[in-house]
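Asks: Following this line is input.txt, made up of compact mmCIF, C-alpha atoms and all ligand atoms:
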# COMPACT_ATOMS: atom_id res chain seq x y z
CA MET A 1 0.00 0.00 0.00
CA THR A 2 1.46 3.36 -1.01
CA LEU A 3 0.82 6.30 1.28
CA ILE A 4 2.05 9.82 1.86
CA ARG A 5 4.87 10.19 4.37
CA SER A 6 6.14 13.55 5.62
CA GLN A 7 9.90 13.49 5.17
CA LEU A 8 12.43 15.69 6.96
CA ILE A 9 14.81 16.68 4.19
CA GLY A 10 16.86 19.54 5.65
CA PHE A 11 17.78 21.19 8.94
CA GLY A 12 19.12 24.52 10.10
CA HIS A 13 19.98 26.24 13.34
CA TYR A 14 21.21 29.52 14.65
CA LEU A 15 22.73 30.36 18.01
CA PRO A 16 23.58 33.97 18.93
CA SER A 17 27.33 34.55 19.25
CA LYS A 18 27.13 35.92 22.80
CA ILE A 19 27.85 33.11 25.28
CA LEU A 20 26.94 33.30 28.96
CA THR A 21 28.88 30.90 31.19
CA ASN A 22 27.97 29.71 34.65
CA ASP A 23 30.75 31.89 36.03
CA ASP A 24 29.21 34.90 34.26
CA LEU A 25 25.90 34.09 35.97
CA ALA A 26 27.62 33.90 39.35
CA GLN A 27 28.35 37.62 38.87
CA ILE A 28 24.63 38.33 38.47
CA VAL A 29 22.89 36.10 41.06
CA GLU A 30 23.86 34.00 44.10
CA THR A 31 24.90 30.84 42.25
CA ASN A 32 27.99 28.92 41.20
CA ASP A 33 29.28 26.74 38.37
CA GLU A 34 29.23 23.58 40.50
CA TRP A 35 25.53 23.92 41.45
CA ILE A 36 24.42 24.62 37.88
CA ARG A 37 26.51 21.78 36.38
CA THR A 38 25.48 19.15 38.88
CA ARG A 39 21.77 20.11 39.17
CA THR A 40 21.17 20.84 35.46
CA GLY A 41 24.14 19.72 33.31
CA ILE A 42 24.34 23.22 31.80
CA VAL A 43 27.80 24.71 31.25
CA SER A 44 26.96 27.66 29.00
CA ARG A 45 24.12 29.12 26.95
CA HIS A 46 23.80 31.57 24.06
CA ILE A 47 22.04 34.87 24.68
CA SER A 48 20.65 37.20 22.03
CA ASP A 49 22.61 40.40 21.63
CA GLY A 50 19.84 42.47 20.14
CA GLU A 51 18.61 39.76 17.77
CA SER A 52 14.86 39.17 17.77
CA THR A 53 13.23 35.77 17.52
CA SER A 54 12.57 36.35 13.81
CA ASP A 55 16.21 37.35 13.20
CA MET A 56 17.38 34.00 14.60
CA ALA A 57 14.59 32.06 12.91
CA PHE A 58 15.46 33.67 9.56
CA LYS A 59 19.04 32.39 9.74
CA ALA A 60 17.95 28.89 10.83
CA ALA A 61 15.37 28.84 8.02
CA GLN A 62 17.89 29.87 5.37
CA MET A 63 20.20 27.05 6.46
CA ALA A 64 17.36 24.50 6.43
CA ILE A 65 16.28 25.58 2.93
CA GLN A 66 19.87 25.32 1.72
CA THR A 67 20.58 21.89 3.23
CA ALA A 68 17.25 20.60 1.87
CA GLY A 69 18.26 21.82 -1.58
CA ILE A 70 14.90 23.46 -2.25
CA SER A 71 13.96 26.98 -3.30
CA VAL A 72 11.90 29.30 -1.10
CA GLU A 73 9.12 29.32 -3.73
CA GLU A 74 8.48 25.65 -3.00
CA LEU A 75 7.25 26.41 0.54
CA ASP A 76 3.47 26.01 0.95
CA MET A 77 3.54 26.61 4.68
CA ILE A 78 5.67 28.24 7.39
CA ILE A 79 4.87 27.26 10.96
CA MET A 80 6.75 28.80 13.84
CA ALA A 81 6.71 27.48 17.40
CA THR A 82 7.47 30.27 19.84
CA VAL A 83 6.30 31.92 23.05
CA THR A 84 8.57 34.93 22.50
CA PRO A 85 7.34 36.44 19.21
CA ASP A 86 8.54 39.77 17.80
CA ASN A 87 5.02 41.19 18.07
CA THR A 88 1.80 39.98 19.63
CA THR A 89 0.49 39.80 16.10
CA PRO A 90 1.12 39.23 13.18
CA SER A 91 2.92 35.93 13.51
CA VAL A 92 6.67 35.50 13.27
CA ALA A 93 5.88 33.11 10.42
CA ALA A 94 4.29 35.95 8.44
CA LYS A 95 7.31 38.15 9.03
CA LEU A 96 9.59 35.34 7.85
CA SER A 97 7.53 34.65 4.74
CA ASN A 98 8.17 38.21 3.58
CA ARG A 99 11.84 38.23 4.57
CA LEU A 100 12.52 34.85 2.95
CA GLY A 101 10.57 35.79 -0.19
CA ALA A 102 7.96 33.02 0.04
CA LYS A 103 5.36 32.87 -2.72
CA PHE A 104 1.93 34.49 -2.52
CA GLY A 105 -0.45 32.30 -0.49
CA THR A 106 2.11 30.43 1.63
CA ILE A 107 0.26 29.53 4.85
CA CYS A 108 1.77 31.22 7.93
CA MET A 109 1.07 30.57 11.57
CA ASP A 110 2.70 30.62 14.99
CA ILE A 111 1.77 28.12 17.61
CA SER A 112 2.09 28.46 21.37
CA ALA A 113 2.98 25.22 23.09
CA ALA A 114 6.12 26.38 24.89
CA CYS A 115 8.86 23.73 25.04
CA SER A 116 6.59 21.25 23.20
CA GLY A 117 6.15 23.72 20.34
CA PHE A 118 8.34 22.02 17.75
CA VAL A 119 6.71 18.59 18.25
CA TYR A 120 3.28 20.25 18.11
CA ALA A 121 4.21 22.12 14.90
CA LEU A 122 5.69 19.00 13.31
CA THR A 123 2.50 17.09 14.08
CA ILE A 124 0.29 19.78 12.52
CA VAL A 125 2.45 19.83 9.40
CA ASP A 126 2.50 16.03 9.17
CA ASN A 127 -1.30 15.94 9.23
CA MET A 128 -1.64 18.70 6.64
CA ILE A 129 0.86 16.98 4.36
CA ARG A 130 -0.86 13.62 4.66
CA LEU A 131 -4.21 15.26 3.86
CA GLY A 132 -2.66 16.68 0.70
CA GLN A 133 -3.17 20.32 1.72
CA VAL A 134 0.53 21.12 1.86
CA LYS A 135 3.49 19.62 0.00
CA THR A 136 6.50 21.41 1.45
CA ALA A 137 6.68 23.13 4.84
CA LEU A 138 9.18 25.05 6.91
CA VAL A 139 8.88 24.16 10.60
CA ILE A 140 10.77 26.34 13.06
CA GLY A 141 11.23 26.51 16.82
CA GLY A 142 12.74 29.78 17.99
CA GLU A 143 12.90 31.64 21.27
CA THR A 144 14.39 34.73 22.85
CA ILE A 145 13.70 33.43 26.35
CA SER A 146 16.33 35.80 27.80
CA LYS A 147 13.76 38.60 27.33
CA VAL A 148 11.28 36.96 29.70
CA LEU A 149 13.72 35.94 32.42
CA ASP A 150 13.81 37.54 35.84
CA TRP A 151 17.58 38.03 36.03
CA SER A 152 17.35 38.27 39.84
CA ASP A 153 15.71 34.82 40.17
CA ARG A 154 18.40 32.14 40.39
CA ASN A 155 15.76 29.41 40.21
CA THR A 156 15.08 30.22 36.56
CA CYS A 157 17.66 32.58 35.03
CA VAL A 158 20.42 29.95 34.98
CA LEU A 159 18.36 27.46 33.00
CA PHE A 160 17.56 29.04 29.65
CA GLY A 161 19.19 30.14 26.40
CA ASP A 162 18.20 31.75 23.08
CA ALA A 163 18.25 30.01 19.69
CA ALA A 164 16.30 28.91 16.65
CA GLY A 165 16.18 25.60 14.80
CA ALA A 166 14.37 24.67 11.61
CA ALA A 167 13.42 21.72 9.45
CA ILE A 168 12.05 21.35 5.93
CA VAL A 169 9.30 18.74 5.76
CA ARG A 170 8.14 17.47 2.38
CA ALA A 171 5.56 15.00 1.12
CA GLY A 172 7.10 11.72 0.05
CA GLU A 173 5.93 8.16 -0.32
CA GLY A 174 6.03 5.11 1.90
CA ASN A 175 4.41 1.73 2.14
CA GLY A 176 3.10 2.05 5.69
CA THR A 177 5.84 0.15 7.49
CA ALA A 178 8.39 1.25 10.09
CA GLU A 179 11.04 0.99 7.35
CA ASP A 180 9.56 4.04 5.61
CA THR A 181 11.42 7.32 5.58
CA GLY A 182 9.60 10.18 7.26
CA ILE A 183 7.33 10.80 10.23
CA LEU A 184 6.09 7.37 11.30
CA ALA A 185 3.97 8.38 14.31
CA THR A 186 3.09 11.42 16.39
CA LYS A 187 1.09 11.90 19.59
CA LEU A 188 0.24 15.12 21.42
CA TYR A 189 -1.08 15.67 24.93
CA ALA A 190 -2.00 18.53 27.28
CA ASP A 191 -3.26 18.91 30.84
CA GLY A 192 -4.36 22.46 31.67
CA SER A 193 -4.66 21.70 35.39
CA HIS A 194 -0.92 22.50 35.55
CA TYR A 195 -1.43 25.96 34.00
CA ASP A 196 0.19 27.79 36.94
CA SER A 197 3.12 25.41 37.49
CA LEU A 198 5.19 26.82 34.64
CA LYS A 199 4.34 30.10 33.01
CA ILE A 200 5.36 33.49 31.72
CA THR A 201 3.46 35.75 34.08
CA GLY A 202 2.31 38.55 31.74
CA GLY A 203 -0.17 38.73 28.91
CA VAL A 204 -2.08 41.05 26.60
CA SER A 205 -5.51 40.63 28.22
CA THR A 206 -4.22 40.57 31.82
CA THR A 207 -1.17 42.68 32.61
CA GLN A 208 -0.40 44.17 29.18
CA THR A 209 3.20 43.19 29.83
CA ALA A 210 5.27 40.28 28.55
CA GLY A 211 5.94 38.98 32.08
CA VAL A 212 8.71 36.69 33.33
CA ILE A 213 9.15 32.94 33.66
CA ASN A 214 7.89 31.45 36.87
CA MET A 215 8.18 27.76 37.60
CA ASP A 216 7.64 25.12 40.23
CA GLY A 217 10.87 23.35 39.26
CA LYS A 218 10.31 20.19 41.27
CA GLU A 219 6.81 19.60 39.93
CA VAL A 220 7.94 20.20 36.33
CA PHE A 221 10.91 17.90 36.81
CA LYS A 222 8.84 14.96 38.06
CA PHE A 223 6.20 15.41 35.38
CA ALA A 224 8.78 15.80 32.61
CA VAL A 225 10.54 12.48 33.14
CA ASN A 226 7.26 10.56 33.00
CA ALA A 227 5.73 12.61 30.17
CA LEU A 228 8.78 12.40 27.89
CA SER A 229 9.18 8.65 28.48
CA GLN A 230 5.50 7.90 28.05
CA ALA A 231 5.20 9.97 24.83
CA SER A 232 8.28 8.21 23.44
CA GLU A 233 6.89 4.78 24.30
CA GLU A 234 3.52 5.68 22.78
CA VAL A 235 4.88 6.69 19.36
CA MET A 236 7.19 3.67 19.22
CA ALA A 237 4.22 1.40 20.02
CA MET A 238 2.09 3.15 17.35
CA ALA A 239 4.71 2.27 14.73
CA GLY A 240 5.38 -1.17 16.17
CA VAL A 241 9.04 -0.59 17.06
CA THR A 242 10.96 -1.08 20.30
CA SER A 243 13.58 1.17 21.85
CA GLU A 244 16.25 -1.33 20.71
CA GLN A 245 15.39 -0.52 17.08
CA VAL A 246 15.70 3.21 17.63
CA ASP A 247 19.04 4.80 16.72
CA TRP A 248 18.58 8.02 18.70
CA VAL A 249 16.48 9.21 21.61
CA LEU A 250 16.10 12.99 21.54
CA PRO A 251 14.17 14.37 24.52
CA HIS A 252 13.57 18.07 25.09
CA GLN A 253 16.75 19.58 26.47
CA ALA A 254 15.86 21.11 29.86
CA ASN A 255 18.01 19.31 32.41
CA ILE A 256 20.57 16.50 32.06
CA ARG A 257 18.94 14.65 34.98
CA ILE A 258 15.59 14.65 33.12
CA ILE A 259 17.29 13.48 29.90
CA GLU A 260 19.15 10.68 31.71
CA GLY A 261 15.93 9.69 33.49
CA VAL A 262 14.19 9.30 30.13
CA GLY A 263 17.06 7.22 28.72
CA LYS A 264 16.89 4.95 31.75
CA LYS A 265 13.10 4.53 31.53
CA LEU A 266 13.37 3.65 27.85
CA ALA A 267 16.26 1.27 28.64
CA VAL A 268 18.56 2.74 25.99
CA PRO A 269 22.33 3.15 26.45
CA ASP A 270 23.66 6.69 27.09
CA GLU A 271 25.37 6.73 23.65
CA LYS A 272 21.96 6.71 21.98
CA VAL A 273 20.64 9.72 23.93
CA ILE A 274 21.32 13.10 22.32
CA VAL A 275 22.46 15.82 24.71
CA THR A 276 22.93 19.48 23.82
CA VAL A 277 21.68 21.05 27.06
CA ASP A 278 25.29 21.41 28.25
CA HIS A 279 26.09 24.14 25.70
CA HIS A 280 22.58 25.44 24.84
CA GLY A 281 20.67 25.43 28.15
CA ASN A 282 16.92 25.09 27.75
CA THR A 283 15.98 26.85 24.50
CA SER A 284 12.29 25.89 24.74
CA ALA A 285 10.75 25.24 21.29
CA ALA A 286 14.19 25.50 19.66
CA SER A 287 15.79 22.67 21.61
CA ILE A 288 14.79 19.72 19.41
CA PRO A 289 15.39 21.31 15.98
CA ILE A 290 18.79 22.73 16.95
CA ALA A 291 19.84 19.34 18.33
CA LEU A 292 18.66 17.71 15.09
CA SER A 293 20.47 20.24 12.94
CA GLU A 294 23.75 20.25 14.89
CA ASN A 295 23.95 16.47 14.94
CA TYR A 296 22.90 16.14 11.29
CA GLN A 297 25.46 18.68 10.04
CA SER A 298 28.20 16.99 12.09
CA GLY A 299 27.33 13.62 10.50
CA ARG A 300 26.41 11.96 13.80
CA ILE A 301 22.76 11.57 12.77
CA LYS A 302 22.49 10.12 9.28
CA LYS A 303 19.91 9.44 6.60
CA GLY A 304 18.05 6.24 7.46
CA ASP A 305 18.41 6.69 11.24
CA LEU A 306 15.33 6.17 13.40
CA LEU A 307 14.76 8.87 16.01
CA VAL A 308 12.26 9.25 18.81
CA LEU A 309 11.64 12.91 19.68
CA SER A 310 9.79 13.98 22.82
CA ALA A 311 9.02 17.33 24.41
CA MET A 312 7.22 18.72 27.43
CA GLY A 313 6.47 22.28 28.47
CA ALA A 314 4.11 24.88 29.89
CA GLY A 315 0.42 24.04 29.84
CA PHE A 316 1.40 21.37 30.59
CA THR A 317 1.78 20.23 26.98
CA TRP A 318 3.79 17.25 25.82
CA GLY A 319 4.16 14.89 22.90
CA GLY A 320 6.35 12.63 20.83
CA ALA A 321 7.27 11.89 17.25
CA LEU A 322 8.95 8.88 15.68
CA VAL A 323 10.93 9.86 12.60
CA ARG A 324 13.14 8.02 10.12
CA LEU A 325 15.46 10.40 8.29
O1 LIG A 401 11.15 22.65 29.72
C1 LIG A 401 10.43 22.52 30.87
C2 LIG A 401 10.90 23.63 31.73
N1 LIG A 401 11.70 23.38 32.84
C3 LIG A 401 12.23 22.24 33.32
O2 LIG A 401 12.13 21.17 32.81
C4 LIG A 401 12.97 22.35 34.62
C5 LIG A 401 12.56 21.28 35.58
N2 LIG A 401 13.16 21.43 36.87
C6 LIG A 401 14.48 21.37 37.11
O3 LIG A 401 15.28 21.22 36.20
C7 LIG A 401 14.97 21.42 38.54
O4 LIG A 401 13.89 21.29 39.41
C8 LIG A 401 15.75 22.72 38.85
C9 LIG A 401 17.09 22.70 38.13
C10 LIG A 401 14.96 23.94 38.43
C11 LIG A 401 16.04 22.81 40.34
O5 LIG A 401 16.73 21.66 40.78
P1 LIG A 401 16.33 20.95 42.16
O6 LIG A 401 17.27 19.86 42.36
O7 LIG A 401 14.87 20.62 42.08
O8 LIG A 401 16.64 22.08 43.19
P2 LIG A 401 15.64 22.80 44.22
O9 LIG A 401 14.71 23.69 43.50
O10 LIG A 401 15.10 21.78 45.15
O11 LIG A 401 16.67 23.66 45.03
C12 LIG A 401 17.66 23.08 45.88
C13 LIG A 401 18.43 24.21 46.55
C14 LIG A 401 17.52 25.27 47.17
O12 LIG A 401 18.14 25.74 48.35
P3 LIG A 401 17.60 25.25 49.78
O13 LIG A 401 16.18 25.71 49.82
O14 LIG A 401 17.75 23.76 49.77
O15 LIG A 401 18.50 25.97 50.73
C15 LIG A 401 17.52 26.38 46.15
O16 LIG A 401 17.29 27.64 46.72
O17 LIG A 401 19.20 24.90 45.56
C16 LIG A 401 18.94 26.28 45.61
N3 LIG A 401 19.05 26.86 44.30
C17 LIG A 401 20.24 27.30 43.82
N4 LIG A 401 21.47 27.35 44.33
C18 LIG A 401 22.45 27.83 43.57
C19 LIG A 401 18.10 27.02 43.35
N5 LIG A 401 18.64 27.57 42.24
C20 LIG A 401 19.96 27.74 42.50
C21 LIG A 401 21.04 28.26 41.77
N6 LIG A 401 22.25 28.28 42.33
N7 LIG A 401 20.90 28.72 40.51
In structure tokens, how does this file's structure come out?
Ligand code: UT7

Replies:
Amino acid sequence: MTLIRSQLIGFGHYLPSKILTNDDLAQIVETNDEWIRTRTGIVSRHISDGESTSDMAFKAAQMAIQTAGISVEELDMIIMATVTPDNTTPSVAAKLSNRLGAKFGTICMDISAACSGFVYALTIVDNMIRLGQVKTALVIGGETISKVLDWSDRNTCVLFGDAAGAAIVRAGEGNGTAEDTGILATKLYADGSHYDSLKITGGVSTTQTAGVINMDGKEVFKFAVNALSQASEEVMAMAGVTSEQVDWVLPHQANIRIIEGVGKKLAVPDEKVIVTVDHHGNTSAASIPIALSENYQSGRIKKGDLLVLSAMGAGFTWGGALVRL
């Protein structure tokens, strides 16, 4: 049986050149390199030096378009996962469509699912491609989280970084088996009863400010390990594969202890678990696409590899995707 499969054919990423180390942070708040390394695994993070979310997304998108070997005119859709847009409206995607020179009619939208944003966006695109509404899409996760950090709160300001990552997803063909190339399964979840456990405090209809990140770290931590493992298991089961058949486990990059916990629950060796949190920090919706792009460009992740992606963030939202490159 021939069916449409959404194939990931190119990746891009952009990290601002300004690097903030743990020692730099110790000059700002009561913290130290040892605490941050041992509690989070983070060594350094990139911080925007005047670049907006769309500036970073533009560079990541250009790289993804180039590595995919397509032209901008081929894009039918641009979907941007972010909680730190340039403006409340229009979408960052609309801004990018103009800057990239996308054709008239290219669908543009931003989606708000915090750290789960890229997996949410990928799922939306996969469904639109399989319905035949879109053939080629640009999917981006990009955040300027540094702009919504309370730089006097050591509980949060040490955890995050700025970045953008992008992927080109295009309609291809498969025969419905786990040997196909492309997105083999996706699953999204949310539970709004955790609305207040992780949030950016401001908003248009409430404070008319952007607000700052506020988080119950322990609650998020516990939830994240279970949510990321369960979403990974679900998408593997949907496609009928086991964790032994997977080449790479790529969980959202928030904390090395969460990432290791997921690897343990899935019973995969450490060498199969992708880690970028050490040099990126938590970049929210950008974390999965920049990890994909960095590891693809370096040749570590290759065509034909089977990856299980999982993400969890504010809402709470979470989800997984099983992808063969
Ligand atoms: O993408 C989803 C978003 N976020 C996450 O996934 C993050 C999930 N949560 C976490 O990663 C962890 O809960 C944190 C890294 C945020 C915190 O780690 P923890 O092991 O849960 O530490 P804690 O909050 O229990 O704090 C332990 C101690 C506290 O001191 P006392 O009360 O024991 O005296 C904190 O005040 O560490 C203190 N502390 C710090 N010390 C030095 C908290 N932040 C810092 C800091 N530097 N930056």

Asks: What would the list of residues within 12 Å of (19.7, 26.1, 1.6) (file frame) look like as a list in words, if only C-alpha atoms are what count?

Replies: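 Within the cut-off we find Ile9, Gly10, Phe11, Gly12, His13, Phe58, Lys59, Ala60, Ala61, Gln62, Met63, Ala64, Ile65, Gln66, Thr67, Ala68, Gly69, Ile70, Ser71, Val72, Leu100, Leu138, Ala166, Ala167 and Ile168 of chain A.
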
Asks: With 4 Å added on each side, what axis-aligned box encloses every listed atom of ligand LIG 401 (chain A)? Give the centre and edge lengths in Å to one decimal, as AutoDock Vina command-line options.

Replies:
--center_x 16.4 --center_y 24.3 --center_z 40.2 --size_x 20.0 --size_y 16.9 --size_z 29.0

Asks: Using all atoms listed in the file for the distances, tell me which of A:Val262, A:Ile288, A:Gln7, A:Ile200 is nearest to A:Glu233.

Replies: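 Comparing A:Val262, A:Ile288, A:Gln7, A:Ile200 against A:Glu233, the winner is A:Val262.
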
Asks: Step by step, measure atom-to-atom distances between ligand LIG 401 (chain A) and each residue using all atoms listed in the file, keep those at most 9 Å, then write them as a PyMOL selection string.

Replies: chain A and resi 25-26+29-36+38-40+114-116+153-160+198+215-225+252-258+282-285+311-314

Asks: Take atom CA of A:Gly176 and atom CA of A:Met128 and report the distance between them in Å, one decimal.

Replies: 17.3 Å

Asks: Quick one: of A:Val212, A:Ala113, A:Val92, A:Ala231, who's nearest to A:Phe316, counting only C-alpha atoms?

Replies: A:Ala113

Asks: Tell me which of A:Gln230, A:Thr106, A:Ser193, A:Ser44 sits closest to A:Ser17, counting all atoms listed in the file.

Replies: A:Ser44

Asks: A:Leu8, A:Val169, A:Ile19, A:Ala164: which is nearest A:Ala81, counting all atoms listed in the file?

Replies: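 Using all atoms listed in the file, A:Ala81 sits closest to A:Ala164.
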
Asks: Looking at A:Leu149, A:Ala94, A:Ala286, A:Ile79, which one is nearest to A:Gly202, with distances taken over only C-alpha atoms?

Replies: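 The closest residue to A:Gly202 is A:Leu149.
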
Asks: Which residues, written as an NGL selection string, have at least one atom at most 6 Å from A:Leu307, with only C-alpha atoms counted and residues fewer than 2 positions away on the same chain left out?

Replies: :A and (246-249 or 322-323)

Asks: Give me the residues near stretch 86-88 of chain A as a tab-separated table (two decimals) with C-alpha atoms, keeping the file's coordinate frame, where near means some atom within 10 Å (using all atoms listed in the file) and where sequence neighbours in that chain fewer than 6 positions away do not count.

Replies:
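Output file part14.tsv is given in full below:
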chain	number	residue	atom	x	y	z
A	52	SER	CA	14.86	39.17	17.77
A	53	THR	CA	13.23	35.77	17.52
A	54	SER	CA	12.57	36.35	13.81
A	55	ASP	CA	16.21	37.35	13.20
A	95	LYS	CA	7.31	38.15	9.03
A	143	GLU	CA	12.90	31.64	21.27
A	144	THR	CA	14.39	34.73	22.85
A	203	GLY	CA	-0.17	38.73	28.91
A	204	VAL	CA	-2.08	41.05	26.60
A	210	ALA	CA	5.27	40.28	28.55
